[in-house]
Structure formats: structure tokens, C-alpha cells
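Coordinates from coords-v3.txt are shown below (compact mmCIF, C-alpha atoms and all ligand atoms).
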```
# COMPACT_ATOMS: atom_id res chain seq x y z
CA MET A 24 -12.53 -10.65 -9.22
CA LYS A 25 -10.81 -13.55 -7.46
CA HIS A 26 -7.85 -11.88 -5.67
CA TYR A 27 -6.64 -8.30 -5.09
CA LEU A 28 -2.88 -8.67 -5.13
CA SER A 29 -1.74 -5.65 -7.15
CA VAL A 30 -3.20 -2.55 -8.81
CA ASN A 31 -3.21 -4.55 -12.03
CA ASP A 32 -6.19 -6.47 -10.65
CA ILE A 33 -8.26 -3.29 -11.16
CA ASP A 34 -10.26 -3.71 -14.38
CA SER A 35 -11.29 -0.05 -14.66
CA LEU A 36 -9.64 2.54 -12.40
CA PRO A 37 -12.05 5.41 -13.32
CA MET A 38 -15.01 3.17 -12.50
CA TRP A 39 -13.62 1.97 -9.17
CA VAL A 40 -12.67 5.49 -8.12
CA SER A 41 -16.06 6.86 -9.02
CA GLU A 42 -17.85 3.99 -7.23
CA ALA A 43 -15.72 4.60 -4.12
CA ILE A 44 -16.55 8.32 -4.13
CA THR A 45 -20.27 7.54 -4.46
CA LEU A 46 -19.97 5.01 -1.63
CA LYS A 47 -18.75 7.74 0.73
CA GLN A 48 -22.24 9.29 0.69
CA ASN A 49 -23.79 6.07 1.98
CA PRO A 50 -21.12 3.66 3.29
CA THR A 51 -23.59 0.99 4.40
CA ALA A 52 -25.55 0.90 1.13
CA TYR A 53 -24.39 -2.70 0.49
CA LYS A 54 -24.74 -3.94 4.07
CA ASP A 55 -26.45 -7.16 2.90
CA LEU A 56 -23.67 -8.17 0.52
CA GLY A 57 -21.39 -9.50 3.25
CA GLU A 58 -24.01 -11.13 5.41
CA GLN A 59 -22.86 -14.59 6.61
CA LYS A 60 -19.43 -13.91 5.14
CA THR A 61 -16.22 -13.74 7.17
CA ILE A 62 -12.94 -12.01 6.41
CA CYS A 63 -9.76 -12.91 8.23
CA LEU A 64 -7.03 -10.25 8.47
CA LEU A 65 -3.60 -11.74 9.08
CA PHE A 66 -0.81 -9.39 10.13
CA PHE A 67 2.81 -10.44 9.86
CA SER A 68 3.79 -6.71 10.16
CA ASN A 69 2.57 -3.67 12.12
CA SER A 70 -0.37 -1.51 11.12
CA LEU A 71 -2.79 1.16 12.23
CA ARG A 72 -4.69 2.32 9.13
CA THR A 73 -4.76 -0.91 7.15
CA ARG A 74 -6.00 -2.91 10.08
CA LEU A 75 -8.76 -0.52 11.11
CA SER A 76 -9.88 0.69 7.67
CA THR A 77 -10.10 -2.84 6.24
CA GLN A 78 -12.06 -3.93 9.30
CA LYS A 79 -14.30 -0.87 8.95
CA ALA A 80 -14.86 -1.60 5.25
CA ALA A 81 -15.81 -5.20 6.02
CA MET A 82 -18.21 -4.05 8.75
CA ASN A 83 -19.81 -1.54 6.36
CA LEU A 84 -20.47 -4.50 4.06
CA GLY A 85 -22.01 -6.54 6.87
CA MET A 86 -19.13 -9.03 7.08
CA ASP A 87 -17.81 -10.69 10.21
CA VAL A 88 -14.15 -9.93 10.86
CA MET A 89 -11.41 -11.99 12.48
CA VAL A 90 -8.02 -10.39 13.04
CA MET A 91 -4.81 -12.11 14.00
CA ASN A 92 -1.33 -10.74 14.58
CA PHE A 93 0.26 -13.75 13.00
CA GLY A 94 3.82 -12.53 13.38
CA SER A 95 3.68 -12.46 17.17
CA GLU A 96 0.80 -14.82 17.97
CA GLY A 97 0.69 -17.49 15.24
CA TRP A 98 2.94 -20.49 14.82
CA GLN A 99 6.07 -19.72 12.85
CA LEU A 100 5.28 -20.75 9.30
CA GLU A 101 7.43 -22.74 6.91
CA PHE A 102 6.93 -21.69 3.28
CA GLU A 103 9.47 -23.92 1.56
CA ASP A 104 8.44 -27.16 -0.06
CA GLY A 105 9.93 -30.50 0.93
CA VAL A 106 11.90 -29.36 3.98
CA THR A 107 12.43 -31.41 7.11
CA MET A 108 10.78 -29.27 9.73
CA ASP A 109 13.08 -30.03 12.66
CA GLN A 110 14.01 -26.39 13.36
CA GLY A 111 12.01 -23.44 14.76
CA LYS A 112 9.07 -23.41 12.37
CA ALA A 113 6.07 -25.34 13.65
CA GLU A 114 3.55 -25.18 10.82
CA HIS A 115 3.63 -25.34 7.04
CA ILE A 116 1.78 -22.85 4.85
CA LYS A 117 0.06 -25.82 3.15
CA GLU A 118 -1.93 -26.65 6.30
CA ALA A 119 -2.20 -23.09 7.62
CA ALA A 120 -3.70 -21.65 4.42
CA GLN A 121 -6.19 -24.50 4.05
CA VAL A 122 -7.22 -24.28 7.70
CA VAL A 123 -7.81 -20.51 7.40
CA SER A 124 -9.85 -21.18 4.25
CA GLN A 125 -12.20 -23.39 6.26
CA TYR A 126 -13.03 -20.58 8.69
CA CYS A 127 -13.30 -17.62 6.30
CA ASP A 128 -14.52 -16.51 2.89
CA VAL A 129 -11.74 -13.97 2.25
CA VAL A 130 -8.24 -13.68 3.70
CA ALA A 131 -6.19 -10.48 3.76
CA ILE A 132 -2.46 -10.55 4.40
CA ARG A 133 0.15 -7.99 5.47
CA ALA A 134 3.79 -9.08 5.27
CA PHE A 135 6.50 -6.46 4.66
CA ALA A 136 9.75 -7.02 2.80
CA GLY A 137 12.62 -8.22 4.96
CA LEU A 138 14.98 -6.04 2.84
CA LYS A 139 17.85 -8.51 3.26
CA ASP A 140 17.29 -10.81 0.30
CA LYS A 141 15.88 -9.24 -2.86
CA GLU A 142 15.10 -12.53 -4.54
CA LYS A 143 13.22 -13.82 -1.52
CA ASP A 144 11.26 -10.57 -1.13
CA GLU A 145 10.35 -10.50 -4.81
CA ALA A 146 9.12 -14.08 -4.59
CA GLU A 147 6.42 -12.77 -2.18
CA VAL A 148 6.53 -16.02 -0.23
CA VAL A 149 3.84 -15.12 2.31
CA LEU A 150 1.30 -13.61 -0.10
CA ASN A 151 1.93 -16.21 -2.79
CA GLY A 152 1.97 -19.00 -0.22
CA PHE A 153 -1.58 -18.09 0.73
CA LYS A 154 -2.57 -17.54 -2.89
CA GLN A 155 -1.28 -20.96 -3.81
CA HIS A 156 -2.62 -22.96 -0.88
CA ALA A 157 -5.77 -21.12 0.24
CA SER A 158 -9.04 -21.90 -1.53
CA ILE A 159 -10.49 -18.41 -0.90
CA PRO A 160 -9.75 -14.93 -2.34
CA VAL A 161 -6.59 -13.23 -1.04
CA VAL A 162 -6.22 -9.47 -0.51
CA ASN A 163 -2.82 -7.78 -0.31
CA MET A 164 -2.65 -5.42 2.69
CA GLU A 165 1.02 -4.53 1.86
CA SER A 166 3.37 -7.20 0.74
CA SER A 167 7.09 -7.11 -0.03
CA VAL A 168 6.62 -5.35 -3.34
CA GLY A 169 3.21 -3.69 -3.33
CA HIS A 170 0.56 -1.84 -1.34
CA PRO A 171 -2.37 -1.76 -3.77
CA LEU A 172 -5.03 -0.75 -1.21
CA GLN A 173 -2.97 2.34 -0.42
CA ALA A 174 -2.54 3.15 -4.11
CA LEU A 175 -6.27 2.87 -4.70
CA ALA A 176 -6.96 5.23 -1.77
CA ASP A 177 -4.38 7.60 -3.25
CA ALA A 178 -6.08 7.53 -6.65
CA ILE A 179 -9.41 8.37 -4.97
CA THR A 180 -7.74 11.25 -3.09
CA VAL A 181 -6.15 12.65 -6.27
CA LYS A 182 -9.47 12.46 -8.11
CA GLU A 183 -11.25 14.32 -5.31
CA ASN A 184 -8.64 17.08 -5.12
CA ALA A 185 -7.48 17.58 -8.71
CA ILE A 186 -8.48 20.85 -10.31
CA THR A 187 -7.22 19.94 -13.77
CA ALA A 188 -7.86 16.82 -15.86
CA LYS A 189 -4.13 16.05 -16.04
CA PRO A 190 -2.47 17.20 -12.80
CA LYS A 191 1.28 17.24 -12.29
CA ILE A 192 2.13 14.66 -9.62
CA VAL A 193 5.61 14.24 -8.16
CA LEU A 194 6.69 11.22 -6.15
CA SER A 195 9.56 12.50 -4.02
CA TRP A 196 11.95 10.40 -2.01
CA ALA A 197 12.36 11.81 1.50
CA PRO A 198 14.78 11.08 4.35
CA HIS A 199 14.13 8.52 7.10
CA PRO A 200 16.21 7.07 9.94
CA ARG A 201 15.28 3.47 9.04
CA ALA A 202 15.53 1.42 5.85
CA LEU A 203 12.00 1.20 4.42
CA PRO A 204 10.48 -1.07 1.77
CA HIS A 205 9.59 -0.27 -1.83
CA ALA A 206 5.97 -1.43 -1.69
CA VAL A 207 4.29 1.99 -1.39
CA PRO A 208 6.24 3.77 -4.14
CA ASN A 209 5.96 0.68 -6.40
CA SER A 210 2.16 0.59 -6.21
CA PHE A 211 1.87 4.37 -6.45
CA ILE A 212 3.90 4.29 -9.67
CA GLU A 213 1.81 1.45 -11.09
CA MET A 214 -1.30 3.42 -10.21
CA MET A 215 0.06 6.55 -11.94
CA LYS A 216 0.41 4.52 -15.11
CA LEU A 217 -3.33 3.79 -14.97
CA GLN A 218 -4.35 7.43 -14.78
CA ASP A 219 -3.97 10.66 -16.66
CA ALA A 220 -1.21 12.68 -15.01
CA GLU A 221 2.07 14.40 -15.69
CA PHE A 222 4.05 12.12 -13.42
CA VAL A 223 7.64 12.70 -12.25
CA ILE A 224 9.73 10.66 -9.81
CA THR A 225 12.51 12.45 -7.94
CA HIS A 226 15.15 10.94 -5.65
CA PRO A 227 18.88 11.17 -4.96
CA GLU A 228 21.08 9.11 -7.26
CA GLY A 229 21.37 5.53 -5.99
CA TYR A 230 17.72 5.34 -4.93
CA GLU A 231 16.44 4.15 -8.33
CA LEU A 232 13.52 1.77 -7.84
CA ASN A 233 13.03 -1.51 -9.71
CA PRO A 234 13.56 -0.47 -13.37
CA LYS A 235 10.78 -2.85 -14.44
CA ILE A 236 8.35 -0.74 -12.41
CA THR A 237 9.71 2.71 -13.33
CA ALA A 238 10.00 1.86 -17.06
CA GLY A 239 8.58 4.73 -19.08
CA CYS A 240 8.51 7.14 -16.10
CA THR A 241 10.31 10.50 -15.94
CA ILE A 242 13.04 10.46 -13.28
CA GLU A 243 14.53 13.82 -12.25
CA TYR A 244 17.39 13.87 -9.74
CA ASP A 245 16.95 17.59 -9.02
CA GLN A 246 14.09 17.81 -6.54
CA ALA A 247 13.51 21.56 -7.05
CA LYS A 248 13.31 21.11 -10.80
CA ALA A 249 10.96 18.14 -10.46
CA MET A 250 8.66 20.21 -8.27
CA GLU A 251 8.23 23.15 -10.65
CA ASN A 252 4.49 23.78 -11.19
CA VAL A 253 3.56 20.67 -9.26
CA ASP A 254 -0.04 20.03 -8.14
CA PHE A 255 0.51 17.02 -5.82
CA VAL A 256 3.68 16.06 -3.97
CA TYR A 257 3.68 12.45 -2.74
CA ALA A 258 6.54 12.01 -0.27
CA LYS A 259 7.94 8.63 0.68
CA ASN A 260 11.17 7.20 1.91
CA TRP A 261 12.53 3.99 0.51
CA SER A 262 15.85 2.21 0.87
CA SER A 263 18.18 1.52 -2.02
CA TYR A 264 16.97 -1.10 -4.50
CA SER A 265 20.26 -1.82 -6.29
CA ASN A 266 22.23 -1.90 -3.02
CA TYR A 267 19.28 -3.81 -1.64
CA GLY A 268 17.88 -2.44 1.63
CA ALA A 269 20.75 0.00 2.24
CA ILE A 270 20.52 3.59 3.44
CA LEU A 271 22.94 5.58 1.27
CA ASP A 272 24.72 8.75 2.32
CA THR A 273 23.83 10.70 -0.81
CA GLU A 274 20.94 12.50 0.83
CA ASN A 275 21.14 16.25 1.05
CA ASN A 276 18.20 18.29 2.23
CA TRP A 277 15.34 16.26 0.77
CA MET A 278 12.78 16.91 3.53
CA ILE A 279 9.54 18.42 2.18
CA THR A 280 9.04 21.97 3.47
CA GLN A 281 6.24 24.46 3.01
CA GLU A 282 8.61 26.55 0.90
CA LYS A 283 9.32 23.67 -1.50
CA LEU A 284 5.63 22.74 -1.62
CA GLY A 285 4.45 26.18 -2.77
CA SER A 286 0.74 25.89 -3.48
CA ALA A 287 0.77 22.13 -4.14
CA LYS A 288 -1.11 19.52 -2.12
CA PHE A 289 0.90 17.18 0.09
CA MET A 290 0.39 13.42 0.22
CA HIS A 291 1.89 10.63 2.35
CA CYS A 292 0.59 7.16 3.20
CA LEU A 293 1.40 7.52 6.95
CA PRO A 294 2.85 6.81 9.44
CA VAL A 295 5.14 9.80 8.85
CA ARG A 296 8.17 11.04 10.78
CA ARG A 297 7.57 14.73 11.44
CA ASN A 298 10.45 17.08 10.66
CA VAL A 299 12.38 14.25 9.00
CA VAL A 300 10.20 13.37 5.99
CA VAL A 301 8.16 16.58 6.09
CA GLU A 302 8.09 19.63 8.32
CA ASP A 303 5.29 20.35 10.81
CA ALA A 304 4.08 23.40 8.88
CA VAL A 305 3.07 21.17 5.93
CA LEU A 306 1.29 18.49 7.96
CA ASP A 307 -0.49 21.07 10.11
CA GLY A 308 -1.38 23.28 7.14
CA SER A 309 -4.38 23.24 4.84
CA GLN A 310 -2.53 21.69 1.86
CA SER A 311 -1.99 18.34 3.54
CA LEU A 312 -4.17 15.48 2.29
CA VAL A 313 -2.77 12.81 4.59
CA LEU A 314 -5.93 12.45 6.68
CA GLU A 315 -8.11 12.32 3.58
CA GLN A 316 -5.87 9.56 2.23
CA ALA A 317 -6.25 7.62 5.47
CA ASN A 318 -10.03 8.12 5.35
CA ASN A 319 -10.13 6.91 1.76
CA ARG A 320 -8.46 3.66 2.80
CA THR A 321 -11.88 2.52 4.09
CA PHE A 322 -13.56 3.13 0.74
CA ALA A 323 -10.70 1.64 -1.26
CA ALA A 324 -10.93 -1.53 0.84
CA GLN A 325 -14.70 -1.51 0.57
CA ILE A 326 -14.68 -1.35 -3.23
CA VAL A 327 -12.19 -4.23 -3.34
CA LEU A 328 -14.21 -6.38 -0.91
CA GLN A 329 -17.40 -5.53 -2.76
CA LYS A 330 -15.94 -6.77 -6.05
CA ILE A 331 -14.72 -9.95 -4.37
CA LEU A 332 -18.04 -10.61 -2.59
CA GLU A 333 -19.96 -10.04 -5.82
CA SER A 334 -17.89 -12.71 -7.53
CA LEU A 335 -18.11 -15.34 -4.76
N1 LIG A 401 1.92 1.01 5.34
C1 LIG A 401 2.47 2.24 5.14
C2 LIG A 401 3.95 2.30 5.32
C3 LIG A 401 4.56 1.15 6.02
C4 LIG A 401 6.04 1.15 6.06
N2 LIG A 401 6.50 2.23 6.93
C5 LIG A 401 7.23 2.04 8.01
O1 LIG A 401 7.58 0.92 8.31
C6 LIG A 401 7.59 3.25 8.83
C7 LIG A 401 8.12 2.86 10.17
C8 LIG A 401 8.86 3.96 10.89
O2 LIG A 401 8.69 5.15 10.63
O3 LIG A 401 9.67 3.55 11.73
C9 LIG A 401 6.60 1.32 4.66
O4 LIG A 401 7.33 2.27 4.42
O5 LIG A 401 6.28 0.49 3.78
N1 LIG A 402 -0.69 3.58 5.23
C1 LIG A 402 -0.73 2.42 5.90
O1 LIG A 402 -0.75 1.34 5.34
O2 LIG A 402 -0.74 2.55 7.26
P1 LIG A 402 -0.52 1.37 8.28
O3 LIG A 402 0.86 0.85 8.03
O4 LIG A 402 -0.67 2.02 9.64
O5 LIG A 402 -1.53 0.32 8.06
```
So that I can check it, write out the structure of this file as C-alpha cells.
Amino acid sequence: MKHYLSVNDIDSLPMWVSEAITLKQNPTAYKDLGEQKTICLLFFSNSLRTRLSTQKAAMNLGMDVMVMNFGSEGWQLEFEDGVTMDQGKAEHIKEAAQVVSQYCDVVAIRAFAGLKDKEKDEAEVVLNGFKQHASIPVVNMESSVGHPLQALADAITVKENAITAKPKIVLSWAPHPRALPHAVPNSFIEMMKLQDAEFVITHPEGYELNPKITAGCTIEYDQAKAMENVDFVYAKNWSSYSNYGAILDTENNWMITQEKLGSAKFMHCLPVRRNVVVEDAVLDGSQSLVLEQANNRTFAAQIVLQKILESL
């Protein structure tokens, strides 16, 4: 595998998930694979889990790791071709990506959607800029439109906790004080299409995601109805897609509560706003899988890096 940019770079989900679960028994089993290899993690946006779990995964594989908060510490990058660079941006992606490629064997990038300009976000300028100009494999650590490492960790978590072969999984929109990107729900939906599940998306009207991504999915505007007989509830806020980046005022009581959850398991990618997205009782109770999801981020990243290292 050259790059890991979206869940569609996974050639066999069942195989990857099963390899990741096996890996958990002996995380350093492939310690020699990454010897003399360096990964560079570039952050244009904040992170806790992605930063530490990807670093941990690389260390488990024996790799050297360099981390840079590019957004605050790097030169401001120009991504457009042919511009006269007489304004604030000091360095062009053409040089930056090639320079990084000289120091590392793999580069991983986090750059969230700006949520102002849909076309610009969907062009994935940062991720694609590196893909185009770097000569090394690129890993997506959450871009404007996808978070495939999270989705892989989620698939591992579902596999480990499912008690039926085809569980009912509901992706529920939840409230949030800020406008959030679509990357996590997008990749979760794409991942659901790769696995056997009765999958339902529920959100208030106006919060429809990109129809190209939700094509073929069941969308139910009544949250209670969507959650009947559910096995896994995956909560996530996202801003409007059609009214791009807006917070609408259609929300009415969408927070996940223990009462709504019933006996289902609760999932969220974290960080989560307590008593806004989900009530304390759920997060502090035994049905929450959020810490398992975060733990599985290491093994998701490790499987991805393993596949990349094997193909170098
Ligand atoms: N990487 C996981 C989620 C990252 C991001 N959440 C956030 O920005 C939450 C920030 C806050 O709660 O203020 C998102 O939704 O895509
Ligand atoms: N879930 C996740 O990606 O967390 P961070 O944003 O903290 O990396």
C-alpha cells in the first residue's frame, strides 16, 4: 500500500481488523519492521489521541518519530500554483513536501476542514498537496473530509464488542456549541459500507451529510425510532453540509442519555463535551466504549504503518 488517505485504501477490512486484534496480544511483534525508518507527524490542527497513538504505533514498530505542530510552528504554506508569494505565506508546498521527504520515510498529516469554503475543503489542499509533491507515503490523520484511522479503530471496536454477526449500528447527530467538521461521520459511514451491519443514520432535518457519501444509507429523522433495538450508538456532532459549516436551530433534545441508550453500547471518537453530546451517566457507565476506541487507535495506526512499511 502506498498511501492511507481514506478507508477505501483498505484492501480487506476483515483481514485488517483481525490482524489488529491479534497484534494487541503482542504489540511489538514486528519491532524490526520499522528499524532505520522515520515517520514525520505534521499537525495543522489540534490532537491528543491521534498524535500519541500514531507515535505509539510507530514506536511499537521500531520506527523513529518526528512530530511538528506545523500550524503554529512551521512557515505558513502556500498551496496554490503559480502565485506571486508577496503576502504572508513564506513557503510553497512544492519545496516543503520534498524537503520533508528527504528526512522521513512516511509522512502523516492532520489538517481539519476550515468549514468556510466547501469547494476548498473538498479539494483537500493540504493532504493532496503532500500527496502530489512528497515522494514518500502519506497517511491521513484527519483531513477536511475524512478520518480513516478513527474509522478503522471503530471497526476494530465493533468487531470486539458485537454479539451478533450483523449488529444494528446507529450514527446519531448530537448537539455541540461549535461548528464541527464532517470528517468523522464521513469515514464512519464509508466504513459501515465495508462491513456487515444494519446501519441507520439519524439527525435533525438540515444536517444531511454529503449525499455522495450517504448514498444507499438509511436516514431516519426520528432519533427514538432510529434507536429501536440498537446494538451500538455512535454519537457525533457535525455542522450543516448544505448550509456549509452552519449551526442550525432545528435541534431539539438530541443529547444521548442512558434512557435513550437502553442496553446498547455507546461510541464516540473523543474529545467529547459531557452533558452536551452525551450525559455523564453514559460515559461513566459500563456500556461506554470510548476508551476502547481510543486504545484501538494505536492498533489501527499500527496496521496501517505495517502495510506501508511492508511495501516500501
Ligand atoms: N479527531 C476527533 C474529532 C476532532 C474534531 N472535534 C473537535 O474539534 C471538537 C472540539 C471541541 O469540542 O471544541 C471533529 O469533530 O472532527
Ligand atoms: N479521536 C481523535 O482523533 O482524537 P484527537 O482529535 O484528540 O486526535
Pick from A:His156, A:His205, A:Lys182, A:His291, whichever lies nearest to His170 of chain A using only C-alpha atoms:
A:His205
Residues within 8 Å of Glu231 of chain A, all atoms listed in the file, excluding chain neighbours under 6 positions, as a list of chain:residue names
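So, after excluding close chain neighbours, the residues are A:Ser263, A:Tyr264, A:Ser265.
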For segment 120-227 of chain A versus segment 269-274 of chain A, which residues have an atom no more than 9 Å away, and what is each residue's nearest atom pair and distance in Å rounded to one decimal, using all atoms listed in the file, chain-then-number order, as CSV?
```
residue,atom,partner,partner_atom,distance
A:Leu138,CA,A:Ala269,CA,8.4
A:Ala197,CA,A:Glu274,CA,8.6
A:Pro198,CA,A:Glu274,CA,7.2
A:His199,CA,A:Ile270,CA,8.9
A:Pro200,CA,A:Ile270,CA,8.5
A:Arg201,CA,A:Ile270,CA,7.7
A:Ala202,CA,A:Ile270,CA,6.0
A:Leu203,CA,A:Ile270,CA,8.9
A:His226,CA,A:Glu274,CA,8.8
A:Pro227,CA,A:Glu274,CA,6.3
```
When the cut-off is 8 Å and you count all atoms listed in the file, which residues lie near ligand LIG 402 (chain A), shown as an MDAnalysis selection string?
chainID A and resid 69:75 164:165 170 173 292:294 317
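Among the candidates A:Cys127, A:Ala81, A:Ala113, A:Ala178, the residue lying nearest to Asp55 of chain A is A:Ala81 (atoms considered: all atoms listed in the file).
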Please list, as number ranges by chain, the residues that have an atom at most 12 Å away from (12.1, -9.3, 5.1) in the coordinates of this file, counting all atoms listed in the file.
A: 67-68, 134-149, 166-168, 202-205, 267-268
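Distances to Ile279 of chain A were evaluated for A:Met214, A:Val162, A:Leu306, A:Val122 using all atoms listed in the file, and the minimum falls at A:Leu306.
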Tell me which of A:Trp39, A:Phe66, A:Phe289, A:Phe93 sits closest to ligand LIG 401 (chain A), counting only C-alpha atoms and all ligand atoms.
A:Phe66
Quick one, how far is atom CA of Thr237 of chain A from atom CA of Ile212 of chain A?
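Straight-line distance from atom CA of Thr237 of chain A to atom CA of Ile212 of chain A works out to 7.0 Å.
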Residues proximal to (-11.2, 4.7, -3.6) were defined as those with any atom within 6 Å of that point in the file's coordinates, counting all atoms listed in the file. Which are they, as a PyMOL selection string?
chain A and resi 40+43+175-176+179+319+322-323
Could you tell me how far atom CA of Ala249 of chain A lies from atom CA of Val295 of chain A, in Å and to one decimal?
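Rounded to one decimal, the two atoms are 21.8 Å apart.
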Calculate how many Å separate atom CA of Gly169 of chain A from atom CA of Asn209 of chain A, rounding to one decimal.
6.0 Å
Nearest-residue call for ligand LIG 401 (chain A), choices A:Val305, A:Arg297, A:Lys54, A:Gln78, using all atoms listed in the file:
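With all atoms listed in the file as the atom set, the closest residue is A:Arg297.
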Box time for segment 55-72 of chain A: axis-aligned, enclosing all its listed atoms, 4 Å extra on each side; report centre and edge lengths in Å to one decimal, as AutoDock Vina command-line options.
```
--center_x -11.3 --center_y -6.1 --center_z 6.4 --size_x 38.2 --size_y 24.9 --size_z 19.7
```
Using all atoms listed in the file, which of A:Val313, A:Ala52, A:Val327, A:Leu332 sits nearest Tyr27 of chain A?
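Smallest separation from Tyr27 of chain A among the options: A:Val327.
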What's around Ala238 of chain A at 12 Å? Count all atoms listed in the file, leave out sequence neighbours fewer than 2 positions away in its own chain, and write the answer as a list in words.
Asn209, Ile212, Glu213, Lys216, Ile224, Glu231, Leu232, Asn233, Pro234, Lys235, Ile236, Cys240, Thr241 and Ile242 of chain A
Residues near Cys63 of chain A, anyone? I mean within 9 Å using all atoms listed in the file, not counting same-chain ones fewer than 6 positions away, as a ChimeraX atom specification.
/A:87-91,123,126-132
Got a minute to add N, CA and C atoms to segment 144-155 of chain A and dump it as a PDB file, in the frame of the given file?
```
ATOM      1  N   ASP A 144      12.345 -11.559  -1.235  1.00  0.00           N
ATOM      2  CA  ASP A 144      11.260 -10.570  -1.130  1.00  0.00           C
ATOM      3  C   ASP A 144      10.425 -10.566  -2.403  1.00  0.00           C
ATOM      4  N   GLU A 145      11.089 -10.593  -3.545  1.00  0.00           N
ATOM      5  CA  GLU A 145      10.350 -10.500  -4.810  1.00  0.00           C
ATOM      6  C   GLU A 145       9.549 -11.770  -5.094  1.00  0.00           C
ATOM      7  N   ALA A 146       9.909 -12.855  -4.428  1.00  0.00           N
ATOM      8  CA  ALA A 146       9.120 -14.080  -4.590  1.00  0.00           C
ATOM      9  C   ALA A 146       7.812 -13.994  -3.807  1.00  0.00           C
ATOM     10  N   GLU A 147       7.681 -12.989  -2.940  1.00  0.00           N
ATOM     11  CA  GLU A 147       6.420 -12.770  -2.180  1.00  0.00           C
ATOM     12  C   GLU A 147       5.954 -14.060  -1.533  1.00  0.00           C
ATOM     13  N   VAL A 148       6.845 -14.683  -0.728  1.00  0.00           N
ATOM     14  CA  VAL A 148       6.530 -16.020  -0.230  1.00  0.00           C
ATOM     15  C   VAL A 148       5.253 -16.078   0.614  1.00  0.00           C
ATOM     16  N   VAL A 149       5.011 -15.058   1.423  1.00  0.00           N
ATOM     17  CA  VAL A 149       3.840 -15.120   2.310  1.00  0.00           C
ATOM     18  C   VAL A 149       2.561 -14.963   1.481  1.00  0.00           C
ATOM     19  N   LEU A 150       2.501 -13.871   0.709  1.00  0.00           N
ATOM     20  CA  LEU A 150       1.300 -13.610  -0.100  1.00  0.00           C
ATOM     21  C   LEU A 150       1.044 -14.748  -1.099  1.00  0.00           C
ATOM     22  N   ASN A 151       2.095 -15.141  -1.800  1.00  0.00           N
ATOM     23  CA  ASN A 151       1.930 -16.210  -2.790  1.00  0.00           C
ATOM     24  C   ASN A 151       1.687 -17.567  -2.154  1.00  0.00           C
ATOM     25  N   GLY A 152       2.223 -17.763  -0.950  1.00  0.00           N
ATOM     26  CA  GLY A 152       1.970 -19.000  -0.220  1.00  0.00           C
ATOM     27  C   GLY A 152       0.479 -19.143   0.044  1.00  0.00           C
ATOM     28  N   PHE A 153      -0.135 -18.055   0.493  1.00  0.00           N
ATOM     29  CA  PHE A 153      -1.580 -18.090   0.730  1.00  0.00           C
ATOM     30  C   PHE A 153      -2.341 -18.204  -0.590  1.00  0.00           C
ATOM     31  N   LYS A 154      -1.882 -17.476  -1.594  1.00  0.00           N
ATOM     32  CA  LYS A 154      -2.570 -17.540  -2.890  1.00  0.00           C
ATOM     33  C   LYS A 154      -2.561 -18.976  -3.418  1.00  0.00           C
ATOM     34  N   GLN A 155      -1.426 -19.616  -3.267  1.00  0.00           N
ATOM     35  CA  GLN A 155      -1.280 -20.960  -3.810  1.00  0.00           C
ATOM     36  C   GLN A 155      -2.062 -22.007  -3.018  1.00  0.00           C
TER      37      GLN A 155
END
```
